[in-house]
file entry19.txt (compact mmCIF, C-alpha atoms)
# COMPACT_ATOMS: atom_id res chain seq x y z
CA MET K 1 0.00 0.00 0.00
CA ALA K 2 1.79 3.12 -1.28
CA VAL K 3 0.26 6.47 -0.32
CA ALA K 4 1.31 10.09 -0.85
CA GLY K 5 -0.18 13.19 0.78
CA LEU K 6 -1.24 16.65 -0.40
CA ILE K 7 -2.00 19.47 2.04
CA PHE K 8 -3.77 22.70 1.03
CA SER K 9 -2.16 25.54 2.96
CA ASN K 10 -4.16 28.56 1.72
CA ILE K 11 -7.60 27.34 0.68
CA HIS K 12 -9.55 29.14 3.43
CA ASP K 13 -7.28 32.10 4.21
CA SER K 14 -10.17 34.53 3.79
CA SER K 15 -11.98 32.93 6.73
CA ILE K 16 -9.64 34.50 9.27
CA PRO K 17 -7.99 37.57 7.71
CA GLU K 18 -6.78 38.84 11.08
CA PHE K 19 -4.15 36.09 11.06
CA THR K 20 -3.60 35.51 7.35
CA THR K 21 -2.56 38.94 6.11
CA MET K 22 1.09 37.92 6.60
CA ARG K 23 0.91 34.10 6.80
CA THR K 24 -1.00 31.15 5.41
CA MET K 25 -3.82 29.36 7.15
CA ALA K 26 -1.38 26.47 7.57
CA SER K 27 1.04 28.51 9.68
CA ILE K 28 -1.50 29.99 12.12
CA PRO K 29 -0.31 29.17 15.68
CA PHE K 30 -2.57 26.96 17.77
CA GLY K 31 -2.38 25.19 21.11
CA CYS K 32 0.66 26.89 22.75
CA ARG K 33 3.36 25.52 20.46
CA TYR K 34 1.82 24.17 17.25
CA ARG K 35 0.85 25.48 13.82
CA LEU K 36 -2.31 24.29 12.07
CA VAL K 37 -0.23 22.44 9.46
CA ASP K 38 1.24 20.25 12.22
CA PHE K 39 -2.02 18.32 12.57
CA PRO K 40 -2.50 17.07 8.98
CA LEU K 41 1.27 16.53 8.72
CA SER K 42 1.33 14.44 11.89
CA ASN K 43 -1.77 12.49 10.82
CA MET K 44 -0.02 11.52 7.61
CA VAL K 45 3.36 10.72 9.16
CA ASN K 46 1.74 8.63 11.91
CA SER K 47 -0.02 6.64 9.18
CA GLY K 48 3.20 5.85 7.34
CA ILE K 49 2.94 8.50 4.61
CA THR K 50 6.44 9.79 3.87
CA LYS K 51 5.92 11.71 0.62
CA ILE K 52 3.92 14.89 1.25
CA GLY K 53 3.39 17.98 -0.87
CA ILE K 54 2.14 21.25 0.62
CA ILE K 55 0.31 23.40 -1.94
CA THR K 56 0.95 27.11 -1.35
CA HIS K 57 -0.56 30.29 -2.76
CA ASN K 58 1.01 33.37 -1.18
CA ASN K 59 2.43 34.58 2.15
CA TYR K 60 4.15 31.23 2.67
CA GLN K 61 7.49 32.47 4.03
CA SER K 62 6.50 31.68 7.63
CA LEU K 63 5.32 28.24 6.50
CA MET K 64 8.70 27.54 4.91
CA ASP K 65 10.47 28.76 8.06
CA HIS K 66 8.34 26.41 10.16
CA ILE K 67 8.70 23.34 7.94
CA GLY K 68 12.40 23.75 7.15
CA THR K 69 13.78 20.47 5.88
CA GLY K 70 10.99 18.50 7.55
CA LYS K 71 13.32 16.82 10.04
CA ASP K 72 10.98 17.42 12.97
CA TRP K 73 8.43 15.19 11.21
CA ASP K 74 11.09 12.68 10.07
CA LEU K 75 10.56 13.90 6.50
CA ALA K 76 14.12 15.02 5.71
CA ARG K 77 14.59 12.17 3.25
CA ARG K 78 16.58 11.55 0.10
CA SER K 79 13.55 9.86 -1.45
CA GLY K 80 10.08 11.25 -0.81
CA GLY K 81 9.97 13.61 2.17
CA ILE K 82 8.21 16.96 2.20
CA LYS K 83 7.92 19.36 -0.71
CA ILE K 84 6.62 22.93 -0.80
CA LEU K 85 4.63 23.34 -4.03
CA PRO K 86 4.39 27.03 -4.99
CA PRO K 87 1.78 28.28 -7.49
CA PHE K 88 2.38 27.17 -11.07
CA ILE K 89 3.10 30.25 -13.22
CA THR K 90 4.62 29.96 -16.69
CA ALA K 91 7.10 32.38 -18.22
CA TYR K 92 4.40 33.49 -20.63
CA ASP K 93 1.85 34.55 -18.01
CA ASN K 94 1.30 38.30 -17.84
CA SER K 95 1.09 40.32 -14.66
CA GLY K 96 -2.70 40.18 -14.74
CA SER K 97 -2.81 36.41 -14.27
CA LYS K 98 -4.64 35.19 -11.20
CA LEU K 99 -3.52 32.39 -8.92
CA TYR K 100 -5.87 29.57 -8.04
CA THR K 101 -9.00 30.33 -6.05
CA THR K 102 -10.47 26.83 -5.57
CA ARG K 103 -9.34 23.39 -4.50
CA LEU K 104 -9.69 22.01 -8.01
CA GLU K 105 -7.62 24.83 -9.52
CA ALA K 106 -4.95 24.19 -6.87
CA LEU K 107 -4.84 20.53 -7.89
CA MET K 108 -4.50 21.53 -11.54
CA GLY K 109 -1.43 23.55 -10.58
CA VAL K 110 0.28 20.51 -9.00
CA THR K 111 -0.63 17.97 -11.68
CA ASN K 112 3.07 17.49 -12.34
CA PHE K 113 3.66 16.43 -8.71
CA ILE K 114 0.72 14.01 -8.80
CA SER K 115 1.74 12.48 -12.12
CA ARG K 116 5.31 11.92 -10.92
CA CYS K 117 4.18 10.09 -7.79
CA ASN K 118 4.48 6.30 -7.92
CA GLU K 119 1.96 5.84 -5.13
CA ASP K 120 -1.46 4.32 -5.82
CA TYR K 121 -3.38 6.63 -3.49
CA ILE K 122 -3.31 10.31 -2.56
CA VAL K 123 -4.55 11.66 0.77
CA LEU K 124 -5.88 15.22 0.49
CA SER K 125 -6.25 17.41 3.57
CA ASP K 126 -6.94 21.03 4.51
CA CYS K 127 -5.31 22.81 7.45
CA ASP K 128 -8.34 24.42 9.10
CA GLY K 129 -9.61 21.12 10.52
CA ILE K 130 -7.85 19.97 13.70
CA CYS K 131 -8.02 16.30 14.63
CA ASN K 132 -5.87 13.28 15.43
CA ILE K 133 -7.17 10.67 13.00
CA ASP K 134 -5.72 7.29 12.09
CA LEU K 135 -5.56 7.62 8.31
CA SER K 136 -4.51 3.98 8.05
CA ASP K 137 -8.08 3.01 8.92
CA VAL K 138 -9.44 5.38 6.28
CA ILE K 139 -7.07 4.02 3.63
CA ALA K 140 -7.95 0.42 4.59
CA ALA K 141 -11.68 1.19 4.27
CA HIS K 142 -10.99 2.85 0.90
CA ILE K 143 -9.26 -0.28 -0.37
CA ASP K 144 -11.89 -2.65 1.06
CA ASN K 145 -14.65 -0.70 -0.73
CA ASN K 146 -12.63 -0.62 -3.95
CA ALA K 147 -13.44 3.09 -3.88
CA ASP K 148 -12.32 5.86 -6.21
CA ILE K 149 -12.82 8.52 -3.53
CA THR K 150 -13.34 8.16 0.21
CA ILE K 151 -14.48 11.33 2.00
CA VAL K 152 -13.94 11.61 5.75
CA THR K 153 -17.09 13.12 7.29
CA ARG K 154 -18.25 14.20 10.72
CA CYS K 155 -21.57 15.05 12.31
CA LEU K 156 -22.02 18.67 13.35
CA GLY K 157 -22.89 19.36 16.96
CA ASP K 158 -24.57 22.26 18.73
CA ALA K 159 -21.15 23.81 19.41
CA ASP K 160 -20.34 24.14 15.71
CA PHE K 161 -21.03 27.59 14.34
CA GLY K 162 -19.96 29.86 11.52
CA ILE K 163 -19.20 26.93 9.22
CA LYS K 164 -18.36 28.26 5.74
CA ASP K 165 -18.11 26.50 2.40
CA ALA K 166 -18.83 23.09 3.93
CA THR K 167 -20.22 20.24 1.87
CA ALA K 168 -23.10 18.21 3.28
CA ILE K 169 -22.75 14.49 2.54
CA LYS K 170 -25.49 11.85 2.46
CA ALA K 171 -24.75 8.14 2.15
CA ASP K 172 -26.61 4.84 2.04
CA ASP K 173 -26.32 2.03 4.57
CA ASN K 174 -23.15 0.75 2.89
CA GLY K 175 -21.43 4.14 3.11
CA ALA K 176 -21.74 4.92 -0.59
CA VAL K 177 -22.26 8.65 -1.11
CA THR K 178 -25.65 9.46 -2.63
CA GLU K 179 -25.61 13.26 -2.38
CA ALA K 180 -23.04 16.04 -1.99
CA SER K 181 -24.49 19.54 -1.62
CA ALA K 182 -23.73 22.92 -0.07
CA TYR K 183 -24.23 22.94 3.67
CA ILE K 184 -26.86 25.30 5.09
CA ASP K 185 -25.52 26.96 8.23
CA GLY K 186 -27.43 26.28 11.43
CA VAL K 187 -28.47 22.69 10.76
CA SER K 188 -27.28 20.64 13.75
CA GLY K 189 -26.61 16.94 13.25
CA GLU K 190 -25.80 17.34 9.56
CA GLU K 191 -23.02 15.13 8.23
CA VAL K 192 -20.41 17.23 6.46
CA SER K 193 -17.07 16.68 4.77
CA THR K 194 -13.94 17.33 6.83
CA ASN K 195 -12.07 17.96 3.55
CA ILE K 196 -9.90 14.94 4.30
CA MET K 197 -10.08 12.48 1.41
CA VAL K 198 -8.37 9.41 0.00
CA VAL K 199 -8.37 9.34 -3.80
CA ASN K 200 -7.01 6.85 -6.32
CA ARG K 201 -4.12 8.66 -8.02
CA MET K 202 -5.01 7.69 -11.59
CA PHE K 203 -8.67 8.54 -10.98
CA LEU K 204 -7.61 11.96 -9.64
CA LEU K 205 -5.38 12.66 -12.64
CA ALA K 206 -8.15 11.74 -15.08
CA ALA K 207 -10.65 13.91 -13.17
CA ILE K 208 -8.27 16.89 -13.17
CA ARG K 209 -7.64 16.62 -16.91
CA ASP K 210 -11.36 16.31 -17.60
CA ALA K 211 -12.04 19.36 -15.43
CA ALA K 212 -9.37 21.38 -17.23
CA ALA K 213 -10.87 20.43 -20.60
CA HIS K 214 -14.38 21.52 -19.55
CA GLY K 215 -13.44 24.59 -17.50
CA TYR K 216 -14.63 23.13 -14.20
CA ARG K 217 -13.50 24.89 -11.00
CA HIS K 218 -15.13 23.26 -7.96
CA PHE K 219 -13.95 19.91 -6.60
CA PHE K 220 -17.18 18.76 -4.93
CA LYS K 221 -19.60 20.19 -7.49
CA ASP K 222 -17.65 19.26 -10.59
CA ILE K 223 -15.70 16.17 -9.54
CA VAL K 224 -17.73 14.48 -6.80
CA ALA K 225 -21.34 15.45 -7.54
CA ARG K 226 -21.03 14.86 -11.30
CA ARG K 227 -19.71 11.33 -10.71
CA LEU K 228 -22.24 10.13 -8.15
CA GLY K 229 -23.69 6.86 -9.41
CA ARG K 230 -20.86 6.43 -11.93
CA ALA K 231 -17.76 6.35 -9.73
CA ARG K 232 -17.33 4.50 -6.45
CA ILE K 233 -17.48 7.32 -3.88
CA PHE K 234 -17.74 6.41 -0.20
CA ARG K 235 -17.70 8.24 3.09
CA TYR K 236 -15.83 7.40 6.30
CA LEU K 237 -17.56 8.79 9.40
CA TYR K 238 -15.04 10.16 11.93
CA GLU K 239 -16.40 10.30 15.47
CA GLY K 240 -13.38 11.67 17.34
CA THR K 241 -12.66 15.27 18.33
CA PHE K 242 -12.66 17.58 15.32
CA ILE K 243 -12.12 21.33 15.63
CA HIS K 244 -12.88 23.55 12.66
CA ILE K 245 -11.35 27.03 12.38
CA ALA K 246 -13.78 29.15 10.36
CA SER K 247 -13.33 32.66 11.81
CA LEU K 248 -11.57 34.59 14.57
CA GLU K 249 -14.48 33.79 16.86
CA SER K 250 -14.21 30.05 16.17
CA TYR K 251 -10.42 30.23 16.63
CA PHE K 252 -11.01 31.70 20.09
CA ALA K 253 -13.69 29.14 20.97
CA SER K 254 -11.52 26.30 19.65
CA SER K 255 -8.56 27.46 21.73
CA MET K 256 -10.75 27.56 24.82
CA LYS K 257 -11.75 23.92 24.15
CA LEU K 258 -8.15 22.94 24.86
CA LEU K 259 -8.82 23.73 28.53
CA GLU K 260 -11.08 20.65 28.57
CA ALA K 261 -9.13 17.52 29.50
CA ASP K 262 -11.12 15.27 27.15
CA VAL K 263 -10.36 17.47 24.14
CA ARG K 264 -6.64 17.69 24.99
CA ASN K 265 -6.43 13.92 25.42
CA ASP K 266 -8.18 13.26 22.09
CA LEU K 267 -5.75 15.57 20.30
CA PHE K 268 -2.41 15.23 22.07
CA ASN K 269 -2.43 12.07 24.18
CA VAL K 270 -3.37 9.39 21.66
CA PRO K 271 -1.03 6.36 21.95
CA ASN K 272 1.39 6.06 19.02
CA ARG K 273 -0.04 9.17 17.35
CA PRO K 274 1.88 12.21 18.68
CA VAL K 275 1.50 15.66 17.15
CA TYR K 276 4.89 16.78 15.85
CA THR K 277 6.04 20.38 15.52
CA LYS K 278 9.19 22.42 15.08
CA LEU K 279 11.31 22.10 18.19
CA ARG K 280 12.45 25.19 20.03
CA ASN K 281 14.82 24.95 22.97
CA SER K 282 13.23 27.23 25.57
CA PRO K 283 13.77 27.29 29.33
CA PRO K 284 10.94 26.16 31.62
CA THR K 285 8.28 28.72 32.47
CA ARG K 286 9.17 30.79 35.53
CA TYR K 287 6.45 31.47 38.07
CA ALA K 288 7.40 34.39 40.30
CA SER K 289 6.44 34.70 43.94
CA GLY K 290 2.77 35.68 44.12
CA ALA K 291 1.94 34.40 40.62
CA LYS K 292 -1.40 32.64 40.28
CA VAL K 293 -2.38 30.33 37.41
CA ILE K 294 -5.82 28.68 37.21
CA ASN K 295 -7.09 26.27 34.55
CA SER K 296 -4.68 27.47 31.87
CA TYR K 297 -2.51 25.95 29.14
CA VAL K 298 0.99 27.45 29.37
CA ALA K 299 3.94 26.77 27.05
CA ASP K 300 7.60 26.81 28.03
CA GLY K 301 9.71 29.96 28.14
CA CYS K 302 7.07 32.16 29.80
CA VAL K 303 7.52 34.47 32.77
CA ILE K 304 4.44 34.87 34.96
CA GLU K 305 4.37 37.41 37.76
CA GLY K 306 0.62 38.11 37.83
CA THR K 307 -2.63 36.12 37.52
CA VAL K 308 -3.58 33.89 34.58
CA GLU K 309 -7.00 32.25 34.45
CA ASN K 310 -8.71 30.18 31.72
CA SER K 311 -6.11 31.23 29.17
CA ILE K 312 -3.73 29.88 26.52
CA LEU K 313 -0.16 31.22 26.70
CA PHE K 314 2.33 30.48 23.91
CA ARG K 315 6.11 30.37 24.26
CA GLY K 316 7.89 33.38 25.66
CA VAL K 317 4.85 35.28 26.99
CA LYS K 318 5.55 37.73 29.83
CA VAL K 319 2.80 38.53 32.35
CA GLY K 320 3.75 41.49 34.55
CA LYS K 321 3.20 42.16 38.22
CA GLY K 322 -0.38 42.91 39.21
CA THR K 323 -1.57 41.90 35.72
CA VAL K 324 -4.73 39.79 35.38
CA VAL K 325 -5.18 37.73 32.22
CA LYS K 326 -8.56 35.98 31.90
CA ASN K 327 -10.06 34.03 28.99
CA CYS K 328 -7.25 35.08 26.64
CA VAL K 329 -5.06 33.60 23.91
CA LEU K 330 -1.62 35.24 23.96
CA LEU K 331 0.65 34.20 21.10
CA GLN K 332 4.41 33.84 21.16
CA ASP K 333 6.51 36.56 22.84
CA THR K 334 3.55 38.70 23.83
CA PHE K 335 4.60 41.18 26.55
CA THR K 336 2.18 42.54 29.11
CA GLY K 337 3.33 45.24 31.49
CA ASN K 338 2.37 45.71 35.11
CA ASN K 339 -1.20 46.20 36.37
CA VAL K 340 -2.76 45.22 33.04
CA ALA K 341 -6.27 43.72 32.84
CA LEU K 342 -7.13 41.52 29.85
CA ASN K 343 -10.35 39.63 29.19
CA CYS K 344 -11.27 37.76 25.97
CA VAL K 345 -8.23 39.11 24.13
CA ILE K 346 -6.23 37.47 21.34
CA THR K 347 -2.75 38.82 20.67
CA ASP K 348 -0.65 37.92 17.66
CA LYS K 349 3.12 37.37 18.03
CA ASN K 350 5.33 40.05 19.63
CA ALA K 351 2.42 42.22 20.75
CA VAL K 352 3.18 44.68 23.57
CA ILE K 353 0.60 45.84 26.11
CA CYS K 354 1.90 48.70 28.23
CA ASP K 355 1.46 49.23 31.96
CA GLY K 356 -2.00 49.94 33.29
CA ARG K 357 -3.98 49.06 30.15
CA THR K 358 -7.44 47.50 30.41
CA LEU K 359 -8.66 45.61 27.33
CA SER K 360 -11.77 43.47 27.05
CA GLY K 361 -13.69 41.71 24.36
CA HIS K 362 -16.39 39.06 24.59
CA SER K 363 -16.35 35.33 23.87
CA SER K 364 -18.52 36.02 20.82
CA MET K 365 -16.26 38.88 19.66
CA PRO K 366 -12.75 38.69 21.12
CA PHE K 367 -10.50 41.75 21.04
CA PHE K 368 -7.62 41.19 18.60
CA ILE K 369 -4.17 42.81 18.72
CA PRO K 370 -2.13 42.41 15.49
CA LYS K 371 1.41 41.09 15.21
CA GLY K 372 4.01 43.45 16.67
CA ALA K 373 1.41 46.06 17.72
CA MET K 374 1.85 48.15 20.86
CA VAL K 375 -1.15 49.18 22.97

call {"tool": "encode", "arguments": {"input": "entry19.txt", "output": "structure tokens"}}
result
Amino acid sequence: MAVAGLIFSNIHDSSIPEFTTMRTMASIPFGCRYRLVDFPLSNMVNSGITKIGIITHNNYQSLMDHIGTGKDWDLARRSGGIKILPPFITAYDNSGSKLYTTRLEALMGVTNFISRCNEDYIVLSDCDGICNIDLSDVIAAHIDNNADITIVTRCLGDADFGIKDATAIKADDNGAVTEASAYIDGVSGEEVSTNIMVVNRMFLLAAIRDAAAHGYRHFFKDIVARRLGRARIFRYLYEGTFIHIASLESYFASSMKLLEADVRNDLFNVPNRPVYTKLRNSPPTRYASGAKVINSYVADGCVIEGTVENSILFRGVKVGKGTVVKNCVLLQDTFTGNNVALNCVITDKNAVICDGRTLSGHSSMPFFIPKGAMV
């Protein structure tokens, strides 16, 4: 069983522009020390996939810095390994040419990578869905069903909100997909695609070439829906923890879910399925005399002199004396001065909050401080 992987790094950048003006969706920090790309990468590596391409669009410098040679994922290999796939632009394109805007157009741009693969199957994955899934089970089900496409689905719960561009999937008792349509927001219990798929490589190549010949642009509408009843398309229902990042509000809510032990265990404490990331040698967090930390997720390298409650602190965060941080997500190297009060605040990297400031948002509309900003 030979399998390669393809990860879409930019597909849903517009969902969370606060973070993606200078980085891809894939390189958005999450969970104290990770980037969103770490989750699909780790899912693939843990399932024995050692040839992975990451399709980029723009703003991918931070992604390249994070991935490096891929050694932190054991992907620094002479054969296979990890490859950054920039947009395909020919020497004859003029300055008015547009880069891809859809998943299908992105696949058209990496046809050369797909055609050069020797693997029989390709696993496709986005970066805005966070889970720890055993892709080996999905691939085994795909082979058992003799499927052309297997779509990993999940059932929406009451906590899901703001879902954009999702595809609702309906299947028969055998798991064969009978309908793929646009999801209508607000319908709880609907089964939707996670945008994780296993596809036969030759089937995918033929579908891409057919789409290019007919001017098709949408993967689910023009590849999946048009082939229902003709191709063997199945779904695999995933029932584990799945977190979808669809907006700044959902990013905040998703981060707060990490304070629940069950969610942390489903993501980070699964036997034989660790989540890998770029290593950074930081000292342990220092808790000064009088510091108080309650129900929080704190990375290494922090200095805490005040109070932290129900919050996520990334590496290198400084919390000053007399400062109270509640219900916040403070990204790497955020500095808070003394006697600061923060509630429902998200800071990007290297933000500075001066002494005596009081900033508050709400769980439904967190206050956001951009990268490197000083308040």

call {"tool": "closest_residue", "arguments": {"input": "entry19.txt", "among": "K:Thr21, K:Asn295, K:Thr56, K:Ser255", "to": "Leu330 of chain K", "atoms": "all atoms listed in the file"}}
result
K:Ser255

call {"tool": "atom_distance", "arguments": {"input": "entry19.txt", "atom1": "atom CA of Ser247 of chain K", "atom2": "atom CA of Leu267 of chain K"}}
result
20.5 Å

call {"tool": "residues_around", "arguments": {"input": "entry19.txt", "residues": "segment 4-20 of chain K", "least_positions_apart": "5", "cutoff": "7 Å", "atoms": "only C-alpha atoms", "output": "compact mmCIF listing (two decimals) with C-alpha atoms, in the coordinates of the input"}}
result
# COMPACT_ATOMS: atom_id res chain seq x y z
CA MET K 25 -3.82 29.36 7.15
CA ALA K 26 -1.38 26.47 7.57
CA ILE K 28 -1.50 29.99 12.12
CA ILE K 49 2.94 8.50 4.61
CA THR K 50 6.44 9.79 3.87
CA LYS K 51 5.92 11.71 0.62
CA ILE K 52 3.92 14.89 1.25
CA GLY K 53 3.39 17.98 -0.87
CA ILE K 54 2.14 21.25 0.62
CA ILE K 55 0.31 23.40 -1.94
CA THR K 56 0.95 27.11 -1.35
CA HIS K 57 -0.56 30.29 -2.76
CA THR K 102 -10.47 26.83 -5.57
CA ARG K 103 -9.34 23.39 -4.50
CA GLU K 119 1.96 5.84 -5.13
CA TYR K 121 -3.38 6.63 -3.49
CA ILE K 122 -3.31 10.31 -2.56
CA VAL K 123 -4.55 11.66 0.77
CA LEU K 124 -5.88 15.22 0.49
CA SER K 125 -6.25 17.41 3.57
CA ASP K 126 -6.94 21.03 4.51
CA CYS K 127 -5.31 22.81 7.45
CA ALA K 246 -13.78 29.15 10.36
CA SER K 247 -13.33 32.66 11.81
CA LEU K 248 -11.57 34.59 14.57

call {"tool": "atom_distance", "arguments": {"input": "entry19.txt", "atom1": "atom CA of Lys371 of chain K", "atom2": "atom CA of Cys354 of chain K"}}
result
15.1 Å

call {"tool": "residues_around", "arguments": {"input": "entry19.txt", "residues": "Ala291 of chain K", "least_positions_apart": "5", "cutoff": "6 Å", "atoms": "only C-alpha atoms", "output": "PyMOL selection string"}}
result
chain K and resi 305-307

call {"tool": "residues_around", "arguments": {"input": "entry19.txt", "residues": "Ile133 of chain K", "least_positions_apart": "6", "cutoff": "8 Å", "atoms": "all atoms listed in the file", "output": "VMD selection string"}}
result
chain K and resid 43 238 240

call {"tool": "write_last_selection", "arguments": {"input": "entry19.txt", "atoms": "C-alpha atoms", "output": "PDB file, in the coordinates of the input"}}
result
ATOM      1  CA  ASN K  43      -1.770  12.490  10.820  1.00  0.00           C
ATOM      2  CA  TYR K 238     -15.040  10.160  11.930  1.00  0.00           C
ATOM      3  CA  GLY K 240     -13.380  11.670  17.340  1.00  0.00           C
TER       4      GLY K 240
END

call {"tool": "residues_around", "arguments": {"input": "entry19.txt", "residues": "Gly316 of chain K", "least_positions_apart": "5", "cutoff": "6 Å", "atoms": "all atoms listed in the file", "output": "list in words"}}
result
Gly301, Cys302, Gln332 and Asp333 of chain K

call {"tool": "write_last_selection", "arguments": {"input": "entry19.txt", "atoms": "C-alpha atoms", "output": "short mmCIF file (atom, residue, chain, number, x, y, z; two decimals), in the frame of the given file"}}
result
data_model
loop_
_atom_site.label_atom_id
_atom_site.label_comp_id
_atom_site.auth_asym_id
_atom_site.auth_seq_id
_atom_site.Cartn_x
_atom_site.Cartn_y
_atom_site.Cartn_z
CA GLY K 301 9.71 29.96 28.14
CA CYS K 302 7.07 32.16 29.80
CA GLN K 332 4.41 33.84 21.16
CA ASP K 333 6.51 36.56 22.84
#

call {"tool": "atom_distance", "arguments": {"input": "entry19.txt", "atom1": "atom CA of Ala288 of chain K", "atom2": "atom CA of Ser363 of chain K"}}
result
28.9 Å

call {"tool": "axis_aligned_box", "arguments": {"input": "entry19.txt", "around": "segment 244-248 of chain K", "padding_each_side": "3 Å", "output": "AutoDock Vina command-line options"}}
result
--center_x -12.6 --center_y 29.1 --center_z 12.5 --size_x 8.4 --size_y 17.0 --size_z 10.2

call {"tool": "residues_around", "arguments": {"input": "entry19.txt", "residues": "Ser296 of chain K", "least_positions_apart": "4", "cutoff": "12 Å", "atoms": "all atoms listed in the file", "output": "PDB file with C-alpha atoms, in the coordinates of the input"}}
result
ATOM      1  CA  GLY K  31      -2.380  25.190  21.110  1.00  0.00           C
ATOM      2  CA  CYS K  32       0.660  26.890  22.750  1.00  0.00           C
ATOM      3  CA  SER K 255      -8.560  27.460  21.730  1.00  0.00           C
ATOM      4  CA  MET K 256     -10.750  27.560  24.820  1.00  0.00           C
ATOM      5  CA  LYS K 257     -11.750  23.920  24.150  1.00  0.00           C
ATOM      6  CA  LEU K 258      -8.150  22.940  24.860  1.00  0.00           C
ATOM      7  CA  LEU K 259      -8.820  23.730  28.530  1.00  0.00           C
ATOM      8  CA  GLU K 260     -11.080  20.650  28.570  1.00  0.00           C
ATOM      9  CA  ALA K 261      -9.130  17.520  29.500  1.00  0.00           C
ATOM     10  CA  LYS K 292      -1.400  32.640  40.280  1.00  0.00           C
ATOM     11  CA  THR K 307      -2.630  36.120  37.520  1.00  0.00           C
ATOM     12  CA  VAL K 308      -3.580  33.890  34.580  1.00  0.00           C
ATOM     13  CA  GLU K 309      -7.000  32.250  34.450  1.00  0.00           C
ATOM     14  CA  ASN K 310      -8.710  30.180  31.720  1.00  0.00           C
ATOM     15  CA  SER K 311      -6.110  31.230  29.170  1.00  0.00           C
ATOM     16  CA  ILE K 312      -3.730  29.880  26.520  1.00  0.00           C
ATOM     17  CA  LEU K 313      -0.160  31.220  26.700  1.00  0.00           C
ATOM     18  CA  PHE K 314       2.330  30.480  23.910  1.00  0.00           C
ATOM     19  CA  VAL K 325      -5.180  37.730  32.220  1.00  0.00           C
ATOM     20  CA  LYS K 326      -8.560  35.980  31.900  1.00  0.00           C
ATOM     21  CA  ASN K 327     -10.060  34.030  28.990  1.00  0.00           C
ATOM     22  CA  CYS K 328      -7.250  35.080  26.640  1.00  0.00           C
ATOM     23  CA  VAL K 329      -5.060  33.600  23.910  1.00  0.00           C
ATOM     24  CA  LEU K 330      -1.620  35.240  23.960  1.00  0.00           C
TER      25      LEU K 330
END

call {"tool": "closest_atom_pairs", "arguments": {"input": "entry19.txt", "of": "segment 108-200 of chain K", "to": "segment 75-88 of chain K", "cutoff": "9 Å", "atoms": "only C-alpha atoms", "output": "CSV"}}
result
residue,atom,partner,partner_atom,distance
K:Met108,CA,K:Phe88,CA,8.9
K:Gly109,CA,K:Phe88,CA,5.3
K:Val110,CA,K:Leu85,CA,7.2
K:Phe113,CA,K:Leu85,CA,8.4

call {"tool": "closest_residue", "arguments": {"input": "entry19.txt", "among": "K:Leu156, K:Leu359, K:Val224, K:Ala171", "to": "Asn339 of chain K", "atoms": "all atoms listed in the file"}}
result
K:Leu359

call {"tool": "closest_residue", "arguments": {"input": "entry19.txt", "among": "K:Asn265, K:Lys278, K:Ile169, K:Ser364", "to": "Thr69 of chain K", "atoms": "all atoms listed in the file"}}
result
K:Lys278
